[in-house]
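J.: Please find run29.cif (mmCIF, C-alpha atoms) on the next line:
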data_input
#
loop_
_atom_site.group_PDB
_atom_site.id
_atom_site.type_symbol
_atom_site.label_atom_id
_atom_site.label_comp_id
_atom_site.auth_asym_id
_atom_site.auth_seq_id
_atom_site.Cartn_x
_atom_site.Cartn_y
_atom_site.Cartn_z
ATOM 1 C CA MET A 1 114.156 137.021 6.944
ATOM 2 C CA LYS A 2 110.731 135.555 7.244
ATOM 3 C CA HIS A 3 109.232 135.701 10.705
ATOM 4 C CA LEU A 4 108.688 132.226 12.045
ATOM 5 C CA SER A 5 106.795 131.218 15.081
ATOM 6 C CA MET A 6 107.547 128.055 17.004
ATOM 7 C CA ASN A 7 103.908 127.194 17.309
ATOM 8 C CA HIS A 8 104.657 123.690 18.501
ATOM 9 C CA LEU A 9 105.514 125.385 21.789
ATOM 10 C CA PRO A 10 102.068 126.749 22.679
ATOM 11 C CA ASP A 11 102.056 130.396 23.794
ATOM 12 C CA SER A 12 105.809 130.556 23.578
ATOM 13 C CA PRO A 13 107.184 134.090 23.594
ATOM 14 C CA ARG A 14 110.241 132.817 21.768
ATOM 15 C CA GLU A 15 110.716 133.469 18.127
ATOM 16 C CA GLY A 16 111.972 130.549 16.089
ATOM 17 C CA HIS A 17 115.299 130.802 14.291
ATOM 18 C CA SER A 18 116.544 128.387 11.725
ATOM 19 C CA PRO A 19 120.130 127.166 12.232
ATOM 20 C CA LEU A 20 120.890 128.751 8.872
ATOM 21 C CA ALA A 21 119.368 132.140 9.631
ATOM 22 C CA GLN A 22 122.793 133.751 9.109
ATOM 23 C CA ALA A 23 123.799 131.737 6.056
ATOM 24 C CA GLY A 24 122.057 134.032 3.599
ATOM 25 C CA SER A 25 124.793 136.609 4.056
ATOM 26 C CA LEU A 26 127.225 134.421 2.141
ATOM 27 C CA GLN A 27 127.701 135.962 -1.301
ATOM 28 C CA PRO A 28 127.359 133.584 -4.234
ATOM 29 C CA PRO A 29 130.305 133.618 -6.641
ATOM 30 C CA VAL A 30 129.918 134.889 -10.174
ATOM 31 C CA GLY A 31 128.811 132.170 -12.547
ATOM 32 C CA GLY A 32 125.893 130.313 -14.036
ATOM 33 C CA LEU A 33 123.143 128.948 -11.861
ATOM 34 C CA ALA A 34 123.657 125.223 -11.976
ATOM 35 C CA LEU A 35 122.137 124.324 -8.650
ATOM 36 C CA SER A 36 120.193 125.826 -5.835
ATOM 37 C CA ILE A 37 119.976 125.138 -2.160
ATOM 38 C CA THR A 38 116.893 125.705 -0.080
ATOM 39 C CA GLU A 39 116.427 125.305 3.613
ATOM 40 C CA LYS A 40 113.102 123.831 4.640
ATOM 41 C CA VAL A 41 112.704 125.820 7.807
ATOM 42 C CA MET A 42 110.710 124.972 10.917
ATOM 43 C CA LEU A 43 109.625 121.507 9.942
ATOM 44 C CA GLY A 44 108.641 119.061 12.629
ATOM 45 C CA HIS A 45 111.104 116.168 12.997
ATOM 46 C CA LEU A 46 109.935 113.178 15.021
ATOM 47 C CA VAL A 47 111.983 110.111 15.794
ATOM 48 C CA ILE A 48 109.798 107.036 16.197
ATOM 49 C CA ARG A 49 111.296 103.923 17.755
ATOM 50 C CA GLY A 50 109.822 100.527 18.404
ATOM 51 C CA ASP A 51 109.514 96.967 17.183
ATOM 52 C CA SER A 52 108.868 96.995 13.448
ATOM 53 C CA ASP A 53 106.893 93.762 13.763
ATOM 54 C CA ALA A 54 104.415 95.231 16.243
ATOM 55 C CA PRO A 55 101.146 95.579 14.311
ATOM 56 C CA GLU A 56 99.955 98.571 16.351
ATOM 57 C CA LEU A 57 102.881 100.676 15.151
ATOM 58 C CA ALA A 58 102.131 100.198 11.464
ATOM 59 C CA ARG A 59 98.423 100.681 12.163
ATOM 60 C CA ALA A 60 98.957 103.922 14.105
ATOM 61 C CA ILE A 61 101.204 105.284 11.350
ATOM 62 C CA HIS A 62 98.665 104.338 8.725
ATOM 63 C CA ASP A 63 95.622 105.693 10.558
ATOM 64 C CA LEU A 64 97.171 108.936 11.742
ATOM 65 C CA LEU A 65 99.434 109.801 8.843
ATOM 66 C CA GLY A 66 98.139 107.764 5.948
ATOM 67 C CA LEU A 67 101.653 106.423 5.448
ATOM 68 C CA ARG A 68 102.981 102.907 5.148
ATOM 69 C CA LEU A 69 105.682 102.117 7.713
ATOM 70 C CA PRO A 70 108.867 101.411 5.699
ATOM 71 C CA SER A 71 110.118 98.063 6.947
ATOM 72 C CA ALA A 72 112.701 97.434 4.234
ATOM 73 C CA PRO A 73 116.120 99.023 4.827
ATOM 74 C CA LEU A 74 116.829 102.506 3.436
ATOM 75 C CA GLN A 75 113.302 103.068 2.176
ATOM 76 C CA SER A 76 111.027 106.031 2.704
ATOM 77 C CA CYS A 77 107.348 106.721 2.302
ATOM 78 C CA GLU A 78 105.986 110.108 1.326
ATOM 79 C CA ASP A 79 102.684 111.937 1.282
ATOM 80 C CA GLU A 80 103.469 114.895 -0.970
ATOM 81 C CA HIS A 81 100.082 116.491 -0.469
ATOM 82 C CA GLN A 82 100.454 116.671 3.319
ATOM 83 C CA GLY A 83 104.210 117.216 3.203
ATOM 84 C CA ARG A 84 104.903 114.194 5.364
ATOM 85 C CA VAL A 85 107.853 111.865 4.885
ATOM 86 C CA LEU A 86 108.638 108.778 6.928
ATOM 87 C CA ARG A 87 112.140 107.364 6.540
ATOM 88 C CA TRP A 88 113.713 104.091 7.627
ATOM 89 C CA VAL A 89 116.715 104.865 9.838
ATOM 90 C CA SER A 90 117.435 101.559 11.527
ATOM 91 C CA PRO A 91 115.502 98.275 12.003
ATOM 92 C CA ASP A 92 113.706 99.858 14.973
ATOM 93 C CA GLU A 93 113.888 103.556 14.167
ATOM 94 C CA TRP A 94 112.171 105.924 11.727
ATOM 95 C CA LEU A 95 112.307 109.647 11.136
ATOM 96 C CA LEU A 96 109.102 111.504 10.336
ATOM 97 C CA THR A 97 109.188 115.045 8.995
ATOM 98 C CA LEU A 98 106.031 117.080 8.675
ATOM 99 C CA PRO A 99 104.923 120.721 8.562
ATOM 100 C CA GLY A 100 105.662 122.356 11.914
ATOM 101 C CA GLU A 101 102.044 123.374 12.459
ATOM 102 C CA ASN A 102 100.942 119.708 12.536
ATOM 103 C CA LEU A 103 103.670 118.574 14.889
ATOM 104 C CA THR A 104 101.875 118.873 18.231
ATOM 105 C CA GLU A 105 98.771 117.167 16.936
ATOM 106 C CA VAL A 106 100.624 114.259 15.317
ATOM 107 C CA GLU A 107 102.965 113.772 18.272
ATOM 108 C CA ALA A 108 100.028 113.693 20.697
ATOM 109 C CA GLY A 109 98.132 111.339 18.400
ATOM 110 C CA LEU A 110 101.041 108.912 18.209
ATOM 111 C CA ARG A 111 101.569 109.029 21.959
ATOM 112 C CA ALA A 112 97.898 108.290 22.548
ATOM 113 C CA ARG A 113 98.010 105.311 20.199
ATOM 114 C CA LEU A 114 101.332 103.794 21.264
ATOM 115 C CA ASP A 115 102.277 102.537 24.713
ATOM 116 C CA GLU A 116 105.613 102.675 26.533
ATOM 117 C CA ARG A 117 107.206 100.071 24.272
ATOM 118 C CA PHE A 118 107.475 102.785 21.655
ATOM 119 C CA ALA A 119 109.380 106.055 21.816
ATOM 120 C CA ILE A 120 108.367 109.277 20.104
ATOM 121 C CA VAL A 121 110.949 112.019 20.369
ATOM 122 C CA ASP A 122 110.677 115.536 18.990
ATOM 123 C CA VAL A 123 114.082 116.363 17.493
ATOM 124 C CA SER A 124 112.903 119.384 15.474
ATOM 125 C CA GLY A 125 115.305 121.719 17.248
ATOM 126 C CA GLY A 126 118.299 119.490 16.657
ATOM 127 C CA GLN A 127 118.407 119.290 12.912
ATOM 128 C CA THR A 128 117.315 121.021 9.757
ATOM 129 C CA MET A 129 116.505 120.059 6.197
ATOM 130 C CA LEU A 130 118.127 121.291 3.000
ATOM 131 C CA HIS A 131 117.024 120.702 -0.554
ATOM 132 C CA LEU A 132 119.756 120.642 -3.143
ATOM 133 C CA SER A 133 118.642 120.638 -6.744
ATOM 134 C CA GLY A 134 119.960 121.285 -10.207
ATOM 135 C CA GLU A 135 121.869 119.344 -12.799
ATOM 136 C CA ASP A 136 125.125 119.725 -10.853
ATOM 137 C CA ALA A 137 123.626 118.615 -7.541
ATOM 138 C CA GLU A 138 124.881 115.054 -7.915
ATOM 139 C CA LEU A 139 128.348 116.346 -8.797
ATOM 140 C CA VAL A 140 128.505 118.342 -5.579
ATOM 141 C CA LEU A 141 127.430 115.289 -3.591
ATOM 142 C CA ARG A 142 130.062 113.164 -5.298
ATOM 143 C CA LYS A 143 132.696 115.623 -4.112
ATOM 144 C CA SER A 144 131.461 115.433 -0.577
ATOM 145 C CA THR A 145 130.868 111.769 0.154
ATOM 146 C CA SER A 146 132.295 108.408 -0.825
ATOM 147 C CA TYR A 147 128.789 106.935 -0.993
ATOM 148 C CA ASP A 148 127.673 105.972 -4.502
ATOM 149 C CA VAL A 149 124.928 108.484 -5.307
ATOM 150 C CA HIS A 150 124.473 107.348 -8.909
ATOM 151 C CA LEU A 151 120.828 106.864 -9.836
ATOM 152 C CA VAL A 152 121.359 103.103 -10.220
ATOM 153 C CA ASN A 153 122.541 102.667 -6.642
ATOM 154 C CA PHE A 154 120.638 105.556 -5.160
ATOM 155 C CA PRO A 155 117.172 105.770 -6.726
ATOM 156 C CA GLU A 156 114.343 108.099 -5.868
ATOM 157 C CA GLY A 157 113.083 107.703 -2.305
ATOM 158 C CA LYS A 158 116.147 105.891 -1.001
ATOM 159 C CA THR A 159 117.406 107.288 2.308
ATOM 160 C CA VAL A 160 120.894 106.798 3.713
ATOM 161 C CA ILE A 161 122.856 108.232 6.605
ATOM 162 C CA ILE A 162 126.375 108.789 5.345
ATOM 163 C CA THR A 163 129.622 110.531 6.117
ATOM 164 C CA PHE A 164 129.505 113.788 4.240
ATOM 165 C CA ALA A 165 132.352 116.305 4.244
ATOM 166 C CA ARG A 166 133.718 114.596 7.400
ATOM 167 C CA SER A 167 130.375 115.269 8.998
ATOM 168 C CA GLN A 168 127.163 113.287 8.848
ATOM 169 C CA VAL A 169 124.096 113.753 6.684
ATOM 170 C CA MET A 170 120.845 111.910 6.128
ATOM 171 C CA LEU A 171 120.483 111.959 2.377
ATOM 172 C CA ARG A 172 117.378 111.153 0.348
ATOM 173 C CA ARG A 173 116.912 111.364 -3.387
ATOM 174 C CA LEU A 174 113.843 113.328 -4.418
ATOM 175 C CA SER A 175 114.255 113.049 -8.181
ATOM 176 C CA ALA A 176 116.991 112.560 -10.769
ATOM 177 C CA ASP A 177 118.562 115.916 -9.935
ATOM 178 C CA SER A 178 117.278 116.881 -6.516
ATOM 179 C CA PHE A 179 118.204 115.710 -3.067
ATOM 180 C CA GLU A 180 117.149 116.242 0.499
ATOM 181 C CA LEU A 181 119.794 116.573 3.200
ATOM 182 C CA ILE A 182 119.015 116.454 6.905
ATOM 183 C CA VAL A 183 121.887 117.883 8.902
ATOM 184 C CA ARG A 184 122.513 118.440 12.566
ATOM 185 C CA ARG A 185 121.841 121.957 13.761
ATOM 186 C CA SER A 186 125.408 122.507 14.926
ATOM 187 C CA PHE A 187 126.790 121.373 11.570
ATOM 188 C CA ALA A 188 124.257 123.170 9.380
ATOM 189 C CA ASP A 189 126.371 126.253 8.776
ATOM 190 C CA TYR A 190 129.466 124.162 8.067
ATOM 191 C CA ILE A 191 127.619 121.919 5.595
ATOM 192 C CA TRP A 192 126.058 124.920 3.907
ATOM 193 C CA ARG A 193 129.480 126.563 3.490
ATOM 194 C CA TRP A 194 130.975 123.284 2.310
ATOM 195 C CA ILE A 195 128.332 122.885 -0.386
ATOM 196 C CA HIS A 196 128.814 126.496 -1.374
ATOM 197 C CA ASP A 197 132.551 125.927 -1.695
ATOM 198 C CA ALA A 198 132.156 122.658 -3.582
ATOM 199 C CA ALA A 199 129.776 124.336 -6.016
ATOM 200 C CA SER A 200 131.838 127.469 -6.552
ATOM 201 C CA GLU A 201 134.889 125.414 -7.481
ATOM 202 C CA ASP A 202 133.168 124.629 -10.760
ATOM 203 C CA GLY A 203 132.087 128.193 -11.306
ATOM 204 C CA SER A 204 128.503 127.417 -10.498
ATOM 205 C CA ALA A 205 126.592 129.532 -8.066
ATOM 206 C CA LEU A 206 124.263 128.611 -5.291
ATOM 207 C CA ARG A 207 121.077 130.393 -4.632
ATOM 208 C CA LYS A 208 119.618 130.197 -1.180
ATOM 209 C CA GLY A 209 115.874 129.871 -1.463
ATOM 210 C CA ASP A 210 113.591 131.306 1.167
ATOM 211 C CA ASN A 211 111.671 128.085 1.732
ATOM 212 C CA MET B 1 139.751 101.046 3.360
ATOM 213 C CA LEU B 2 137.567 98.071 4.217
ATOM 214 C CA ARG B 3 134.172 97.668 2.660
ATOM 215 C CA ILE B 4 131.933 96.188 5.323
ATOM 216 C CA TYR B 5 128.530 94.681 4.665
ATOM 217 C CA CYS B 6 125.969 95.984 7.137
ATOM 218 C CA PRO B 7 123.345 93.256 7.607
ATOM 219 C CA HIS B 8 120.836 95.844 8.864
ATOM 220 C CA CYS B 9 121.193 98.294 5.978
ATOM 221 C CA ALA B 10 121.744 95.373 3.558
ATOM 222 C CA GLU B 11 124.559 97.231 1.787
ATOM 223 C CA TYR B 12 128.320 97.454 1.643
ATOM 224 C CA ARG B 13 129.556 100.654 3.266
ATOM 225 C CA ASP B 14 132.953 102.222 3.759
ATOM 226 C CA GLU B 15 134.932 101.487 6.892
ATOM 227 C CA GLU B 16 134.824 105.160 7.907
ATOM 228 C CA GLU B 17 131.128 104.753 8.715
ATOM 229 C CA PHE B 18 131.919 102.016 11.233
ATOM 230 C CA HIS B 19 133.536 101.850 14.642
ATOM 231 C CA TYR B 20 135.504 98.815 15.724
ATOM 232 C CA ALA B 21 134.139 97.438 18.982
ATOM 233 C CA GLY B 22 136.620 94.720 19.843
ATOM 234 C CA GLN B 23 136.536 90.971 20.024
ATOM 235 C CA ALA B 24 133.156 89.252 19.864
ATOM 236 C CA HIS B 25 131.786 86.512 22.109
ATOM 237 C CA ILE B 26 133.287 87.763 25.384
ATOM 238 C CA VAL B 27 131.169 86.258 28.129
ATOM 239 C CA ARG B 28 130.821 88.212 31.361
ATOM 240 C CA PRO B 29 131.176 86.002 34.443
ATOM 241 C CA ALA B 30 127.663 85.234 35.672
ATOM 242 C CA ASP B 31 128.454 86.177 39.272
ATOM 243 C CA PRO B 32 131.329 88.706 39.396
ATOM 244 C CA ASP B 33 131.496 88.560 43.204
ATOM 245 C CA ALA B 34 132.072 84.843 43.170
ATOM 246 C CA CYS B 35 134.597 84.558 40.351
ATOM 247 C CA THR B 36 138.361 84.539 40.906
ATOM 248 C CA ASP B 37 140.597 87.521 40.215
ATOM 249 C CA LYS B 38 142.164 85.504 37.437
ATOM 250 C CA ASP B 39 138.833 84.925 35.707
ATOM 251 C CA TRP B 40 137.799 88.538 36.143
ATOM 252 C CA GLY B 41 141.168 89.739 34.826
ATOM 253 C CA ALA B 42 140.862 87.452 31.839
ATOM 254 C CA TYR B 43 137.370 88.774 31.134
ATOM 255 C CA LEU B 44 138.432 92.405 31.462
ATOM 256 C CA TYR B 45 141.847 92.533 29.868
ATOM 257 C CA PHE B 46 142.849 89.470 27.890
ATOM 258 C CA ARG B 47 142.024 89.423 24.213
ATOM 259 C CA LYS B 48 142.943 87.183 21.354
ATOM 260 C CA ASN B 49 145.438 88.306 18.754
ATOM 261 C CA PRO B 50 145.011 85.643 16.108
ATOM 262 C CA CYS B 51 146.918 85.323 12.898
ATOM 263 C CA GLY B 52 143.940 84.391 10.725
ATOM 264 C CA LEU B 53 140.208 84.499 11.287
ATOM 265 C CA HIS B 54 139.060 86.843 14.030
ATOM 266 C CA HIS B 55 135.492 87.199 15.294
ATOM 267 C CA GLU B 56 134.886 90.838 16.082
ATOM 268 C CA LEU B 57 132.201 93.415 16.749
ATOM 269 C CA TRP B 58 131.689 96.551 14.732
ATOM 270 C CA SER B 59 129.097 99.237 15.057
ATOM 271 C CA HIS B 60 127.613 101.013 12.052
ATOM 272 C CA ALA B 61 128.094 104.311 13.849
ATOM 273 C CA VAL B 62 127.133 106.691 11.055
ATOM 274 C CA GLY B 63 124.381 104.620 9.452
ATOM 275 C CA CYS B 64 121.883 102.535 11.387
ATOM 276 C CA ARG B 65 123.950 102.679 14.621
ATOM 277 C CA LYS B 66 123.486 98.943 15.186
ATOM 278 C CA PHE B 67 126.185 96.499 16.178
ATOM 279 C CA LEU B 68 127.197 93.674 13.897
ATOM 280 C CA LYS B 69 129.475 90.701 14.052
ATOM 281 C CA VAL B 70 132.260 90.412 11.499
ATOM 282 C CA ILE B 71 134.605 87.518 10.758
ATOM 283 C CA ARG B 72 137.800 89.027 9.418
ATOM 284 C CA ASP B 73 141.099 87.488 8.374
ATOM 285 C CA THR B 74 143.806 89.450 10.162
ATOM 286 C CA LEU B 75 146.397 88.354 7.613
ATOM 287 C CA SER B 76 144.641 89.421 4.430
ATOM 288 C CA TYR B 77 142.020 91.815 5.882
ATOM 289 C CA GLU B 78 139.456 89.797 3.958
ATOM 290 C CA ILE B 79 136.058 89.887 5.604
ATOM 291 C CA ARG B 80 134.475 86.461 5.401
ATOM 292 C CA GLU B 81 131.040 87.532 6.499
ATOM 293 C CA SER B 82 129.063 89.819 8.764
ATOM 294 C CA SER B 83 125.846 89.137 10.626
ATOM 295 C CA PRO B 84 123.538 90.846 13.085
ATOM 296 C CA ILE B 85 124.152 90.363 16.802
ATOM 297 C CA GLY B 86 122.409 87.244 17.997
ATOM 298 C CA GLY B 87 122.400 85.712 14.534
ATOM 299 C CA LYS B 88 124.686 82.876 13.573
ATOM 300 C CA THR B 89 127.116 83.300 10.717
ATOM 301 C CA ALA B 90 127.538 80.530 8.156
ATOM 302 C CA VAL B 91 131.001 79.814 9.570
ATOM 303 C CA GLU B 92 129.545 79.340 13.043
ATOM 304 C CA LEU B 93 126.699 77.166 11.795
ATOM 305 C CA SER B 94 129.207 74.838 10.170
ATOM 306 C CA LEU B 95 131.155 74.352 13.421
ATOM 307 C CA PRO B 96 130.635 71.174 15.415
ATOM 308 C CA PRO B 97 128.495 71.837 18.533
ATOM 309 C CA SER B 98 131.436 71.228 20.856
ATOM 310 C CA MET B 99 133.266 74.249 19.412
ATOM 311 C CA PRO B 100 131.873 77.525 20.715
ATOM 312 C CA PRO B 101 132.078 80.504 18.368
ATOM 313 C CA GLY B 102 135.503 82.075 18.301
ATOM 314 C CA SER B 103 137.287 79.020 19.665
ATOM 315 C CA ASN B 104 138.791 78.176 16.270
ATOM 316 C CA ASP B 105 140.561 81.507 15.976
ATOM 317 C CA SER B 106 144.045 80.603 17.052
#
Show me this structure written as structure tokens.
T.:
Amino acid sequence: MKHLSMNHLPDSPREGHSPLAQAGSLQPPVGGLALSITEKVMLGHLVIRGDSDAPELARAIHDLLGLRLPSAPLQSCEDEHQGRVLRWVSPDEWLLTLPGENLTEVEAGLRARLDERFAIVDVSGGQTMLHLSGEDAELVLRKSTSYDVHLVNFPEGKTVIITFARSQVMLRRLSADSFELIVRRSFADYIWRWIHDAASEDGSALRKGDN
Amino acid sequence: MLRIYCPHCAEYRDEEEFHYAGQAHIVRPADPDACTDKDWGAYLYFRKNPCGLHHELWSHAVGCRKFLKVIRDTLSYEIRESSPIGGKTAVELSLPPSMPPGSNDS
């Protein structure tokens, strides 16, 4: 287990633990490797709320993050180099994920630029991100949700919050055969086991990456 | 399973993503202290049970978490249309001004 520091809490004596720190003990079944699952640990998750028509919001996002504020439903905007993704959640809500070490700086920057009509909330401790990839990834998703995840309906970059295995997941397509899932902390272990089970049914094995 | 169009997400989604939030267009008495018990009781407890078109509120609880207004036929379960709160549906726009929304339900 990689040692992780919660450096967005300055001088914190606490050691950070991912919600899936225990999940690695699950043994993969025997079979071919058709998909892999990776937890993106200790990312910063920021919820940004405010009026999408307010010009200062789009300007602050652009100046600080170099990202375009997604105003169309279910869209996302990504800066792969910086590892920053901004997703549309609702007409007045967005979710920004970024490397944990930049979190404090970006949060402070946004707060300095935006007044009390906007809300910036650090939800990093409440959820975690999984990457599911491989040619069977879509098959596993199809078993788990009634949402149409076919490439035609669900192209690259599209972000939806859906019911998933009777729980809830924010799903984004990264490429034809890879997906990003953002799950609540308290459901992370359940979702991980569910995906493991759904994958092993077909004789495929999951590999848990170490970030 | 109903397929409900969310005007915020601009997509049809399954009913399981939504929560039903009751009849739409219920107006709270402007001054609760001054209104009669009968009016207050009607506001709190009495709801329509139409056989036909029903104006109702739903919330897209799993998706964008916004409320929306849905016009649904209680006989056939057909959803005529859905719109954001505050917006007017096509059915409402076609009503004569003397008929407030929801008054044609029964």
J.: Find the nearest atom pair between each residue of chain A and chain B for residues within 9 Å, count only C-alpha atoms, give distances in Å to one decimal, sort rows by chain and ascending number, and present the table as a tab-separated table.
T.:
residue	atom	partner	partner_atom	distance
A:Ala72	CA	B:Cys9	CA	8.7
A:Pro73	CA	B:Cys9	CA	5.3
A:Leu74	CA	B:Cys9	CA	6.6
A:Val89	CA	B:Cys64	CA	5.9
A:Ser90	CA	B:Cys64	CA	4.6
A:Pro91	CA	B:His8	CA	6.6
A:Glu93	CA	B:Cys64	CA	8.5
A:Ser146	CA	B:Asp14	CA	7.7
A:Tyr147	CA	B:Arg13	CA	7.6
A:Val160	CA	B:Gly63	CA	7.1
A:Ile161	CA	B:Gly63	CA	4.8
A:Ile162	CA	B:Val62	CA	6.1
A:Thr163	CA	B:Glu17	CA	6.5
A:Gln168	CA	B:Val62	CA	7.0
A:Val169	CA	B:Val62	CA	8.8
A:Met170	CA	B:Gly63	CA	8.8
J.: Tell me which residues the PyMOL selection byres ((chain A and resi 113) around 12) grabs here, as a list in words.
T.: Pro55, Glu56, Leu57, Ala58, Arg59, Ala60, Ile61, His62, Asp63, Leu64, Val106, Glu107, Ala108, Gly109, Leu110, Arg111, Ala112, Leu114, Asp115, Glu116, Arg117, Phe118, Ala119 and Ile120 of chain A
J.: I'd like the contact shell of Arg47 of chain B - 9 Å cut-off, only C-alpha atoms, skipping same-chain residues fewer than 5 positions apart - returned as an MDAnalysis selection string.
T.: chainID B and resid 22:23 26 42
J.: Could you please take those selected residues and save C-alpha atoms as a CSV table (one decimal), keeping the file's coordinate frame?
T.:
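See selection_10.csv below for the written result:
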chain,number,residue,atom,x,y,z
B,22,GLY,CA,136.6,94.7,19.8
B,23,GLN,CA,136.5,91.0,20.0
B,26,ILE,CA,133.3,87.8,25.4
B,42,ALA,CA,140.9,87.5,31.8
J.: So the first atom is atom CA of Cys51 of chain B and the second is atom CA of Pro29 of chain B; what is the distance between them in Å, to one decimal place?
T.: 26.7 Å
J.: Expand the PyMOL selection byres ((chain A and resi 121-133) around 9) into the explicit residue set it covers here, and present it as a VMD selection string.
T.: chain A and resid 18 to 20 34 to 49 97 100 103 107 119 to 120 134 to 138 174 to 175 177 to 188 192
